[in-house]
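Structure data (mmCIF, C-alpha atoms) from run-v2.cif:
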data_start
#
loop_
_atom_site.label_atom_id
_atom_site.label_comp_id
_atom_site.auth_asym_id
_atom_site.auth_seq_id
_atom_site.Cartn_x
_atom_site.Cartn_y
_atom_site.Cartn_z
CA MET A 1 53.03 142.90 260.97
CA VAL A 2 52.79 141.35 264.42
CA SER A 3 53.37 137.88 263.02
CA ILE A 4 56.43 139.13 261.13
CA LEU A 5 57.87 140.73 264.28
CA ARG A 6 57.27 137.53 266.22
CA ALA A 7 59.06 135.50 263.53
CA LEU A 8 62.01 137.89 263.55
CA LEU A 9 62.18 137.75 267.37
CA ALA A 10 62.10 133.94 267.35
CA ALA A 11 64.87 133.87 264.77
CA ALA A 12 66.99 136.27 266.83
CA ILE A 13 66.54 134.13 269.95
CA ALA A 14 67.44 131.01 268.01
CA VAL A 15 70.64 132.62 266.72
CA ALA A 16 71.59 133.76 270.24
CA VAL A 17 70.90 130.37 271.81
CA MET A 18 72.50 128.25 269.06
CA PRO A 19 76.16 128.69 270.14
CA GLN A 20 75.26 127.87 273.75
CA PHE A 21 73.29 124.79 272.64
CA ALA A 22 76.13 123.66 270.38
CA ALA A 23 78.61 124.11 273.22
CA ALA A 24 76.41 122.09 275.53
CA GLN A 25 76.08 119.36 272.93
CA SER A 26 79.85 119.21 272.37
CA ALA A 27 80.82 119.33 276.04
CA TYR A 28 82.84 116.24 276.92
CA PRO A 29 81.60 113.62 277.43
CA ASN A 30 78.28 113.52 275.62
CA LYS A 31 78.25 109.81 274.76
CA SER A 32 79.54 106.51 276.09
CA ILE A 33 83.29 105.91 276.40
CA THR A 34 85.14 102.75 275.34
CA LEU A 35 87.70 101.51 277.83
CA MET A 36 89.96 99.07 276.02
CA VAL A 37 91.78 96.24 277.79
CA PRO A 38 94.54 94.73 275.60
CA ALA A 39 93.98 91.28 277.15
CA ALA A 40 91.28 88.65 277.42
CA ALA A 41 88.31 89.04 279.75
CA GLY A 42 88.59 87.59 283.23
CA GLY A 43 92.25 88.43 283.83
CA PRO A 44 93.70 90.84 286.40
CA THR A 45 93.87 93.89 284.13
CA ASP A 46 90.29 93.28 283.04
CA THR A 47 89.32 93.18 286.73
CA VAL A 48 91.10 96.47 287.45
CA ALA A 49 89.52 98.13 284.40
CA ARG A 50 86.00 97.06 285.29
CA LEU A 51 86.42 98.20 288.90
CA ILE A 52 87.30 101.75 287.93
CA ALA A 53 85.03 101.94 284.87
CA GLU A 54 81.85 101.91 286.90
CA SER A 55 83.08 104.56 289.33
CA MET A 56 84.53 106.81 286.62
CA GLY A 57 81.31 106.48 284.63
CA ARG A 58 79.31 107.85 287.54
CA THR A 59 81.64 110.84 287.83
CA LEU A 60 81.56 111.56 284.10
CA GLY A 61 77.84 110.94 283.77
CA GLN A 62 78.31 108.47 280.93
CA THR A 63 78.53 104.71 280.53
CA ILE A 64 82.05 103.34 280.17
CA VAL A 65 82.05 100.16 278.09
CA VAL A 66 84.96 97.77 278.62
CA GLU A 67 86.23 96.16 275.40
CA ASN A 68 88.74 93.31 275.49
CA VAL A 69 91.25 93.26 272.61
CA GLY A 70 93.75 90.57 273.55
CA GLY A 71 96.69 89.00 271.80
CA ALA A 72 100.38 89.52 271.02
CA GLY A 73 101.27 90.68 274.51
CA GLY A 74 98.82 93.55 274.32
CA THR A 75 100.24 95.03 271.13
CA ILE A 76 97.10 94.35 269.07
CA GLY A 77 95.00 96.46 271.41
CA LEU A 78 97.67 99.16 271.71
CA THR A 79 97.93 99.40 267.92
CA ARG A 80 94.21 100.02 267.78
CA LEU A 81 94.44 102.60 270.56
CA ALA A 82 97.23 104.49 268.76
CA LYS A 83 95.02 104.75 265.66
CA ALA A 84 91.84 105.76 267.52
CA ALA A 85 90.47 109.28 267.34
CA PRO A 86 92.01 111.44 270.12
CA ASP A 87 88.63 112.66 271.31
CA GLY A 88 88.45 111.10 274.77
CA TYR A 89 85.97 108.40 273.77
CA THR A 90 88.58 105.64 273.51
CA VAL A 91 91.00 105.02 276.38
CA ALA A 92 92.83 101.96 277.63
CA VAL A 93 93.99 100.36 280.85
CA TRP A 94 97.23 98.45 280.57
CA HIS A 95 100.13 97.57 282.80
CA ILE A 96 103.87 97.00 283.03
CA ALA A 97 103.84 95.39 279.57
CA MET A 98 103.59 98.89 278.06
CA ALA A 99 107.18 99.41 279.23
CA THR A 100 108.47 96.08 277.95
CA ALA A 101 107.10 96.27 274.41
CA PRO A 102 110.00 98.32 272.94
CA ALA A 103 112.59 95.73 274.01
CA LEU A 104 110.49 92.74 272.99
CA TYR A 105 109.16 93.78 269.58
CA ASP A 106 111.34 94.93 266.71
CA ASN A 107 108.46 95.97 264.45
CA LEU A 108 106.05 97.88 266.66
CA THR A 109 103.73 100.18 264.74
CA PHE A 110 103.62 102.61 267.67
CA ASN A 111 106.02 104.33 270.05
CA VAL A 112 105.02 103.81 273.69
CA THR A 113 106.28 107.21 274.83
CA ASP A 114 105.31 109.31 271.79
CA ASP A 115 102.05 107.90 270.45
CA PHE A 116 99.88 107.94 273.58
CA ASP A 117 98.71 110.51 276.09
CA THR A 118 99.07 109.51 279.73
CA ILE A 119 96.10 109.81 282.09
CA GLY A 120 97.47 108.32 285.32
CA ARG A 121 98.53 105.29 287.28
CA ILE A 122 95.83 103.20 288.97
CA THR A 123 97.25 100.51 291.20
CA ASP A 124 100.34 98.47 291.99
CA ALA A 125 99.42 94.79 292.17
CA PRO A 126 101.75 92.27 293.84
CA MET A 127 102.49 89.07 291.99
CA SER A 128 102.04 85.64 293.56
CA LEU A 129 103.62 82.23 292.94
CA VAL A 130 100.96 79.58 292.46
CA THR A 131 100.69 76.01 291.19
CA LYS A 132 98.01 73.58 290.23
CA THR A 133 96.70 71.43 293.05
CA GLY A 134 98.63 68.25 293.69
CA VAL A 135 102.14 69.69 293.55
CA ALA A 136 103.97 68.12 296.49
CA ALA A 137 105.90 71.23 297.61
CA LYS A 138 104.61 72.37 301.02
CA ASP A 139 106.21 75.83 301.05
CA VAL A 140 108.07 78.22 298.78
CA LYS A 141 111.51 76.77 299.53
CA GLU A 142 110.28 73.31 298.58
CA LEU A 143 108.67 74.81 295.48
CA ILE A 144 111.98 76.33 294.38
CA ALA A 145 113.79 73.06 295.10
CA TRP A 146 111.24 71.19 292.98
CA ILE A 147 111.57 73.60 290.07
CA LYS A 148 115.37 73.31 290.22
CA ALA A 149 115.22 69.52 290.38
CA GLU A 150 112.86 69.46 287.39
CA SER A 151 114.60 72.22 285.41
CA GLY A 152 113.43 72.20 281.82
CA LYS A 153 110.37 70.09 282.63
CA VAL A 154 108.15 72.35 284.75
CA THR A 155 105.54 74.17 282.65
CA TYR A 156 104.38 77.70 283.40
CA GLY A 157 101.50 79.71 282.02
CA HIS A 158 101.63 83.38 281.07
CA ALA A 159 99.53 86.02 279.34
CA GLY A 160 101.81 86.47 276.37
CA ILE A 161 105.39 87.56 275.74
CA GLY A 162 106.11 90.69 277.79
CA SER A 163 103.10 90.34 280.06
CA ALA A 164 103.58 90.71 283.82
CA SER A 165 103.22 86.97 284.29
CA HIS A 166 105.87 86.33 281.64
CA LEU A 167 108.28 88.92 283.07
CA CYS A 168 107.95 87.48 286.55
CA ALA A 169 108.78 84.02 285.23
CA LEU A 170 111.83 85.38 283.36
CA LEU A 171 113.14 86.98 286.54
CA LEU A 172 112.51 83.82 288.53
CA MET A 173 114.37 81.65 286.03
CA LYS A 174 117.27 84.13 286.05
CA GLU A 175 117.46 84.19 289.86
CA MET A 176 117.12 80.41 290.21
CA ASN A 177 119.33 79.63 287.20
CA VAL A 178 116.75 77.21 285.80
CA GLN A 179 114.60 76.80 282.72
CA MET A 180 110.85 76.26 282.59
CA VAL A 181 108.64 75.61 279.59
CA GLY A 182 106.34 78.54 278.83
CA VAL A 183 102.73 78.16 277.71
CA GLY A 184 101.34 81.41 276.30
CA TYR A 185 97.71 82.59 276.41
CA ARG A 186 95.76 85.65 275.31
CA GLY A 187 95.50 86.70 278.94
CA THR A 188 95.80 85.22 282.41
CA GLY A 189 92.02 84.75 282.55
CA PRO A 190 92.19 81.78 280.14
CA ALA A 191 95.56 80.78 281.63
CA MET A 192 93.98 80.55 285.07
CA ASN A 193 91.23 78.32 283.68
CA ASP A 194 93.87 75.89 282.42
CA LEU A 195 95.82 76.03 285.69
CA LEU A 196 92.62 75.13 287.53
CA SER A 197 92.23 72.08 285.31
CA GLY A 198 95.90 71.12 285.70
CA GLN A 199 96.98 71.80 282.10
CA PHE A 200 100.29 73.27 283.28
CA ASP A 201 102.23 73.38 286.56
CA PHE A 202 103.08 76.89 287.67
CA MET A 203 102.23 80.57 287.24
CA CYS A 204 103.44 83.87 288.65
CA ASP A 205 100.38 86.07 288.42
CA GLN A 206 98.87 89.17 289.97
CA THR A 207 97.06 88.81 293.27
CA THR A 208 94.06 90.42 291.57
CA ASN A 209 93.72 87.14 289.65
CA THR A 210 94.87 84.60 292.24
CA THR A 211 93.64 85.71 295.67
CA ASN A 212 90.16 84.21 295.50
CA GLN A 213 91.43 81.02 293.87
CA ILE A 214 94.03 80.57 296.63
CA LYS A 215 91.51 81.22 299.37
CA GLU A 216 89.12 78.70 297.84
CA LYS A 217 92.02 76.18 297.62
CA ARG A 218 91.48 75.71 293.90
CA ILE A 219 95.19 76.41 293.38
CA GLN A 220 98.18 76.35 295.73
CA GLY A 221 99.78 79.66 296.79
CA TYR A 222 103.41 79.91 297.94
CA ALA A 223 104.70 83.50 298.10
CA VAL A 224 104.23 87.09 296.98
CA THR A 225 106.78 89.15 295.08
CA THR A 226 106.66 92.41 297.04
CA LYS A 227 108.92 93.40 299.94
CA THR A 228 105.95 93.41 302.32
CA LYS A 229 103.29 90.77 302.87
CA VAL A 230 99.85 91.13 301.32
CA SER A 231 97.01 91.60 303.82
CA SER A 232 94.53 89.54 301.80
CA LEU A 233 96.96 86.60 301.75
CA PRO A 234 98.52 86.72 305.24
CA ASP A 235 99.77 83.12 305.12
CA LEU A 236 102.01 83.74 302.11
CA PRO A 237 105.57 84.92 302.82
CA THR A 238 107.50 87.30 300.58
CA LEU A 239 110.12 85.83 298.29
CA ASP A 240 112.53 88.45 299.61
CA SER A 241 112.21 87.18 303.19
CA GLY A 242 114.44 84.17 302.63
CA ALA A 243 113.65 82.10 299.57
CA LEU A 244 115.03 84.63 297.05
CA PRO A 245 116.45 87.68 298.85
CA GLY A 246 116.14 90.89 296.84
CA PHE A 247 113.47 89.57 294.49
CA GLU A 248 110.73 92.12 293.84
CA ILE A 249 108.24 92.81 291.05
CA SER A 250 104.75 94.31 290.96
CA ALA A 251 102.35 94.80 288.10
CA TRP A 252 101.41 98.47 287.96
CA HIS A 253 98.32 99.44 285.98
CA ALA A 254 97.60 102.76 284.33
CA MET A 255 95.36 104.54 281.84
CA TRP A 256 96.34 105.84 278.40
CA ALA A 257 94.62 107.58 275.49
CA PRO A 258 95.51 108.27 271.84
CA LYS A 259 97.97 111.13 271.35
CA GLY A 260 96.45 114.59 271.03
CA LEU A 261 93.62 114.44 273.57
CA PRO A 262 91.86 117.78 274.10
CA LYS A 263 92.67 119.38 277.45
CA GLU A 264 89.03 119.27 278.52
CA ALA A 265 88.89 115.51 278.01
CA THR A 266 92.24 114.95 279.74
CA ASP A 267 91.26 117.03 282.74
CA LYS A 268 87.91 115.29 283.15
CA LEU A 269 89.37 111.82 282.75
CA VAL A 270 92.08 112.56 285.31
CA ALA A 271 89.52 113.95 287.76
CA ALA A 272 87.26 110.93 287.26
CA LEU A 273 90.18 108.52 287.74
CA GLN A 274 91.27 110.24 290.93
CA ALA A 275 87.69 110.17 292.22
CA ALA A 276 87.50 106.44 291.48
CA LEU A 277 90.70 105.82 293.45
CA LYS A 278 89.07 107.48 296.47
CA ASP A 279 85.82 105.55 296.06
CA PRO A 280 85.38 103.35 299.18
CA LYS A 281 83.92 100.53 297.09
CA VAL A 282 86.92 100.54 294.75
CA ILE A 283 89.37 100.70 297.66
CA GLN A 284 87.69 97.77 299.40
CA ARG A 285 87.52 95.69 296.24
CA PHE A 286 91.20 96.30 295.54
CA ALA A 287 92.01 95.30 299.12
CA ASP A 288 90.03 92.09 298.72
CA LEU A 289 92.27 91.27 295.76
CA GLY A 290 95.54 92.13 297.49
CA ALA A 291 96.07 95.48 295.75
CA GLU A 292 95.54 99.14 296.57
CA PRO A 293 95.04 102.37 294.62
CA VAL A 294 98.10 104.54 294.08
CA PRO A 295 98.31 107.86 295.95
CA GLN A 296 96.59 110.77 294.23
CA ASN A 297 99.88 112.38 293.25
CA LEU A 298 100.70 109.32 291.12
CA ALA A 299 97.32 109.25 289.37
CA THR A 300 98.37 112.07 287.05
CA PRO A 301 99.63 112.33 283.45
CA GLU A 302 102.99 113.66 284.61
CA ALA A 303 103.62 110.87 287.13
CA LEU A 304 102.70 108.16 284.62
CA LYS A 305 104.91 109.68 281.94
CA SER A 306 107.86 109.63 284.34
CA GLN A 307 107.07 106.08 285.51
CA LEU A 308 106.87 104.80 281.95
CA ALA A 309 110.21 106.31 280.95
CA SER A 310 111.90 104.78 283.99
CA GLU A 311 110.35 101.34 283.45
CA VAL A 312 111.25 101.27 279.74
CA LYS A 313 114.91 101.67 280.71
CA ARG A 314 114.72 99.06 283.48
CA TRP A 315 113.12 96.34 281.39
CA ASP A 316 115.22 97.06 278.33
CA THR A 317 118.23 95.87 280.35
CA VAL A 318 116.48 92.81 281.81
CA ILE A 319 114.95 91.64 278.53
CA LYS A 320 118.09 92.10 276.45
CA ALA A 321 120.02 90.08 279.02
CA SER A 322 117.44 87.28 278.79
CA GLY A 323 117.64 87.14 274.99
CA VAL A 324 113.84 86.89 274.72
CA LYS A 325 112.15 88.35 271.64
CA ALA A 326 108.51 88.35 270.70
CA ASN A 327 109.08 88.53 266.95
#
Let me see the file written as structure tokens.
Amino acid sequence: MVSILRALLAAAIAVAVMPQFAAAQSAYPNKSITLMVPAAAGGPTDTVARLIAESMGRTLGQTIVVENVGGAGGTIGLTRLAKAAPDGYTVAVWHIAMATAPALYDNLTFNVTDDFDTIGRITDAPMSLVTKTGVAAKDVKELIAWIKAESGKVTYGHAGIGSASHLCALLLMKEMNVQMVGVGYRGTGPAMNDLLSGQFDFMCDQTTNTTNQIKEKRIQGYAVTTKTKVSSLPDLPTLDSGALPGFEISAWHAMWAPKGLPKEATDKLVAALQAALKDPKVIQRFADLGAEPVPQNLATPEALKSQLASEVKRWDTVIKASGVKAN
């Protein structure tokens, strides 16, 4: 009888504990998270993603694995993200190219505003004008004069149609009324490798990808594309300060997830992102690369949703005027 009572008691305890155990097991996150970068490894977005992944992982108590899925201006990776399970275990870091995709691609398999959940903005990265070593121009005005004199002959590298590096070049050509010959890559990581070896002439790329190369004199830096100078590159003027008044572009980065994320996952991802943007190591690393985290009020789903809608409208006008299409 005693053994029967003990068995019944054990069964009752097991039944009582089971829901709590199941809840603990299902609490988000209970396994590693994949952070997708829709570009090749080694580029600026990859750098941003890896900087925040480590910090967010510590907050969430799980490893965040960065996966690079480059190609087609980021649309290959975004297509995969749109089809991923909305469980919080697949997210992505991407940039301004999210806003340009609708104007550039006629046959997108996803809608940038309807098929993703927003997590929050991460950083605004200035762009910089750089060339391979050996270009004779001593400053940005001489650089512009050289490009104009060699219109149609100067080659520029970019990370694919609609990437930040491509958009910057489009705006430059529009403002200077010149043509350059584009050379596309699966990311500015491989593009930078070819610039270092002199395979093309010019690139407008994020300071997160160019700062160290400029400082090490492996490439030549001429100007930044923001209205204020960049502290990590104090010798570079702004384009707006005289060479091209009114010119401004920055490559903002943000985090997205598949549509339909559970509130628990959204809340924890947002909290982890905001914690990462206050992490002294992340702040310092961004500063070293000429960027800085966005204020906390912009690292939210609502702020990113608003930013995306505004940027889609802005770039729709610019891209249609340029006549550029990716397909």
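Applied to this file, the PyMOL selection byres ((chain A and resi 85-87) around 9) selects the residues Tyr28, Leu81, Ala82, Lys83, Ala84, Gly88, Tyr89, Thr90, Ala257, Pro258, Lys259, Gly260, Leu261, Pro262 and Ala265 of chain A.
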Distance query range 133-140 of chain A at most 7 Å, all atoms listed in the file, self and fewer than 6 positions along chain excluded, as a PyMOL selection string: chain A and resi 218-220+222-223+243
Option closest in space to Gly73 in chain A, from A:Gly242, A:Pro102, A:Pro29, A:Pro237 [counting only C-alpha atoms]: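 So, comparing all the options, the nearest one is A:Pro102.
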Close residues, Leu195 in chain A itself excluded, 6 Å, only C-alpha atoms, min 4 positions apart in chain, as an MDAnalysis selection string: chainID A and resid 132 199:200
Please, which residues in range 159-264 of chain A fall within 12 Å of range 104-113 of chain A when counting all atoms listed in the file, and what is the closest atom pair and distance in Å to one decimal for each, ordered by chain then residue number, as a Markdown table?
| residue | atom | partner | partner_atom | distance |
| --- | --- | --- | --- | --- |
| A:Gly160 | CA | A:Leu104 | CA | 11.2 |
| A:Ile161 | CA | A:Leu104 | CA | 7.8 |
| A:Gly162 | CA | A:Leu104 | CA | 6.8 |
| A:Ser163 | CA | A:Leu104 | CA | 10.5 |
| A:His166 | CA | A:Leu104 | CA | 11.7 |
| A:Leu167 | CA | A:Leu104 | CA | 11.0 |
| A:Trp256 | CA | A:Val112 | CA | 10.1 |
| A:Ala257 | CA | A:Val112 | CA | 11.2 |
| A:Pro258 | CA | A:Val112 | CA | 10.7 |
| A:Lys259 | CA | A:Thr113 | CA | 9.8 |
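Of note, CA of Pro280 in chain A and CA of Ile122 in chain A are spaced 14.6 Å apart.
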Please list as a PDB file with C-alpha atoms, keeping the file's coordinate frame every residue within 10 Å of Met127 in chain A, counting all atoms listed in the file and excluding residues in the same chain fewer than 2 positions away.
ATOM      1  CA  ASP A 124     100.340  98.470 291.990  1.00  0.00           C
ATOM      2  CA  ALA A 125      99.420  94.790 292.170  1.00  0.00           C
ATOM      3  CA  LEU A 129     103.620  82.230 292.940  1.00  0.00           C
ATOM      4  CA  VAL A 130     100.960  79.580 292.460  1.00  0.00           C
ATOM      5  CA  ALA A 164     103.580  90.710 283.820  1.00  0.00           C
ATOM      6  CA  SER A 165     103.220  86.970 284.290  1.00  0.00           C
ATOM      7  CA  CYS A 168     107.950  87.480 286.550  1.00  0.00           C
ATOM      8  CA  MET A 203     102.230  80.570 287.240  1.00  0.00           C
ATOM      9  CA  CYS A 204     103.440  83.870 288.650  1.00  0.00           C
ATOM     10  CA  ASP A 205     100.380  86.070 288.420  1.00  0.00           C
ATOM     11  CA  GLN A 206      98.870  89.170 289.970  1.00  0.00           C
ATOM     12  CA  THR A 207      97.060  88.810 293.270  1.00  0.00           C
ATOM     13  CA  THR A 208      94.060  90.420 291.570  1.00  0.00           C
ATOM     14  CA  ASN A 209      93.720  87.140 289.650  1.00  0.00           C
ATOM     15  CA  THR A 210      94.870  84.600 292.240  1.00  0.00           C
ATOM     16  CA  ALA A 223     104.700  83.500 298.100  1.00  0.00           C
ATOM     17  CA  VAL A 224     104.230  87.090 296.980  1.00  0.00           C
ATOM     18  CA  THR A 225     106.780  89.150 295.080  1.00  0.00           C
ATOM     19  CA  THR A 226     106.660  92.410 297.040  1.00  0.00           C
ATOM     20  CA  VAL A 230      99.850  91.130 301.320  1.00  0.00           C
ATOM     21  CA  GLU A 248     110.730  92.120 293.840  1.00  0.00           C
ATOM     22  CA  ILE A 249     108.240  92.810 291.050  1.00  0.00           C
ATOM     23  CA  SER A 250     104.750  94.310 290.960  1.00  0.00           C
ATOM     24  CA  ALA A 251     102.350  94.800 288.100  1.00  0.00           C
ATOM     25  CA  GLY A 290      95.540  92.130 297.490  1.00  0.00           C
ATOM     26  CA  ALA A 291      96.070  95.480 295.750  1.00  0.00           C
TER      27      ALA A 291
END
Gap from CA of Gly74 in chain A to CA of Leu51 in chain A - Å, one decimal: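 Pair CA of Gly74 in chain A / CA of Leu51 in chain A returns 19.7 Å.
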Coordinates-based distance that separates CA of Phe202 in chain A from CA of Ile214 in chain A (Å, one decimal): 13.3 Å
A:Leu298, A:Val154, A:Leu244, A:Ala191 ranked by distance to Gln179 in chain A, top pick (using all atoms listed in the file):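 Closest to Gln179 in chain A of all the choices is A:Val154.
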Selection result for the PyMOL selection byres ((chain A and resi 324) around 10) on this file, as a list in words: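 For this structure, the PyMOL selection byres ((chain A and resi 324) around 10) captures Ala103, Leu104, Tyr105, Ile161, Gly162, Leu170, Val318, Ile319, Lys320, Ala321, Ser322, Gly323, Lys325, Ala326 and Asn327 of chain A.
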Would you mind exporting C-alpha atoms of the selected residues as a compact mmCIF listing (two decimals), in the coordinates of the input?
# COMPACT_ATOMS: atom_id res chain seq x y z
CA ALA A 103 112.59 95.73 274.01
CA LEU A 104 110.49 92.74 272.99
CA TYR A 105 109.16 93.78 269.58
CA ILE A 161 105.39 87.56 275.74
CA GLY A 162 106.11 90.69 277.79
CA LEU A 170 111.83 85.38 283.36
CA VAL A 318 116.48 92.81 281.81
CA ILE A 319 114.95 91.64 278.53
CA LYS A 320 118.09 92.10 276.45
CA ALA A 321 120.02 90.08 279.02
CA SER A 322 117.44 87.28 278.79
CA GLY A 323 117.64 87.14 274.99
CA LYS A 325 112.15 88.35 271.64
CA ALA A 326 108.51 88.35 270.70
CA ASN A 327 109.08 88.53 266.95
Please write the residues picked by the PyMOL selection byres ((chain A and resi 295) around 9) on this file as a PDB file with C-alpha atoms, in the frame of the given file.
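File selection_13.pdb, as written:
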ATOM      1  CA  ILE A 122      95.830 103.200 288.970  1.00  0.00           C
ATOM      2  CA  THR A 123      97.250 100.510 291.200  1.00  0.00           C
ATOM      3  CA  GLN A 274      91.270 110.240 290.930  1.00  0.00           C
ATOM      4  CA  LEU A 277      90.700 105.820 293.450  1.00  0.00           C
ATOM      5  CA  PRO A 293      95.040 102.370 294.620  1.00  0.00           C
ATOM      6  CA  VAL A 294      98.100 104.540 294.080  1.00  0.00           C
ATOM      7  CA  GLN A 296      96.590 110.770 294.230  1.00  0.00           C
ATOM      8  CA  ASN A 297      99.880 112.380 293.250  1.00  0.00           C
ATOM      9  CA  LEU A 298     100.700 109.320 291.120  1.00  0.00           C
ATOM     10  CA  ALA A 299      97.320 109.250 289.370  1.00  0.00           C
TER      11      ALA A 299
END
Close residues, Ile64 in chain A itself excluded, 12 Å, only C-alpha atoms, min 5 positions apart in chain, as a PyMOL selection string: chain A and resi 29-36+49-59+88-92+269+272
Can you complete the atoms of range 137-151 of chain A to N, CA and C atoms and list them as a PDB file, keeping the file's coordinate frame?
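What follows is the written file rebuild-v5.pdb:
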ATOM      1  N   ALA A 137     105.195  70.230 296.811  1.00  0.00           N
ATOM      2  CA  ALA A 137     105.900  71.230 297.610  1.00  0.00           C
ATOM      3  C   ALA A 137     104.972  71.851 298.655  1.00  0.00           C
ATOM      4  N   LYS A 138     105.440  71.867 299.917  1.00  0.00           N
ATOM      5  CA  LYS A 138     104.610  72.370 301.020  1.00  0.00           C
ATOM      6  C   LYS A 138     104.808  73.873 301.252  1.00  0.00           C
ATOM      7  N   ASP A 139     105.945  74.411 300.865  1.00  0.00           N
ATOM      8  CA  ASP A 139     106.210  75.830 301.050  1.00  0.00           C
ATOM      9  C   ASP A 139     107.058  76.332 299.900  1.00  0.00           C
ATOM     10  N   VAL A 140     107.393  77.630 299.918  1.00  0.00           N
ATOM     11  CA  VAL A 140     108.070  78.220 298.780  1.00  0.00           C
ATOM     12  C   VAL A 140     109.478  77.667 298.592  1.00  0.00           C
ATOM     13  N   LYS A 141     110.170  77.329 299.676  1.00  0.00           N
ATOM     14  CA  LYS A 141     111.510  76.770 299.530  1.00  0.00           C
ATOM     15  C   LYS A 141     111.446  75.396 298.868  1.00  0.00           C
ATOM     16  N   GLU A 142     110.450  74.608 299.233  1.00  0.00           N
ATOM     17  CA  GLU A 142     110.280  73.310 298.580  1.00  0.00           C
ATOM     18  C   GLU A 142     109.859  73.485 297.123  1.00  0.00           C
ATOM     19  N   LEU A 143     109.073  74.526 296.861  1.00  0.00           N
ATOM     20  CA  LEU A 143     108.670  74.810 295.480  1.00  0.00           C
ATOM     21  C   LEU A 143     109.897  75.110 294.628  1.00  0.00           C
ATOM     22  N   ILE A 144     110.779  75.970 295.121  1.00  0.00           N
ATOM     23  CA  ILE A 144     111.980  76.330 294.380  1.00  0.00           C
ATOM     24  C   ILE A 144     112.869  75.097 294.178  1.00  0.00           C
ATOM     25  N   ALA A 145     112.983  74.283 295.216  1.00  0.00           N
ATOM     26  CA  ALA A 145     113.790  73.060 295.100  1.00  0.00           C
ATOM     27  C   ALA A 145     113.216  72.130 294.034  1.00  0.00           C
ATOM     28  N   TRP A 146     111.899  72.036 293.981  1.00  0.00           N
ATOM     29  CA  TRP A 146     111.240  71.190 292.980  1.00  0.00           C
ATOM     30  C   TRP A 146     111.483  71.702 291.568  1.00  0.00           C
ATOM     31  N   ILE A 147     111.351  73.019 291.394  1.00  0.00           N
ATOM     32  CA  ILE A 147     111.570  73.600 290.070  1.00  0.00           C
ATOM     33  C   ILE A 147     113.016  73.379 289.625  1.00  0.00           C
ATOM     34  N   LYS A 148     113.959  73.536 290.557  1.00  0.00           N
ATOM     35  CA  LYS A 148     115.370  73.310 290.220  1.00  0.00           C
ATOM     36  C   LYS A 148     115.620  71.853 289.861  1.00  0.00           C
ATOM     37  N   ALA A 149     115.021  70.960 290.636  1.00  0.00           N
ATOM     38  CA  ALA A 149     115.220  69.520 290.380  1.00  0.00           C
ATOM     39  C   ALA A 149     114.617  69.103 289.048  1.00  0.00           C
ATOM     40  N   GLU A 150     113.546  69.792 288.636  1.00  0.00           N
ATOM     41  CA  GLU A 150     112.860  69.460 287.390  1.00  0.00           C
ATOM     42  C   GLU A 150     113.121  70.499 286.306  1.00  0.00           C
ATOM     43  N   SER A 151     114.270  71.163 286.366  1.00  0.00           N
ATOM     44  CA  SER A 151     114.600  72.220 285.410  1.00  0.00           C
ATOM     45  C   SER A 151     114.431  71.742 283.974  1.00  0.00           C
TER      46      SER A 151
END
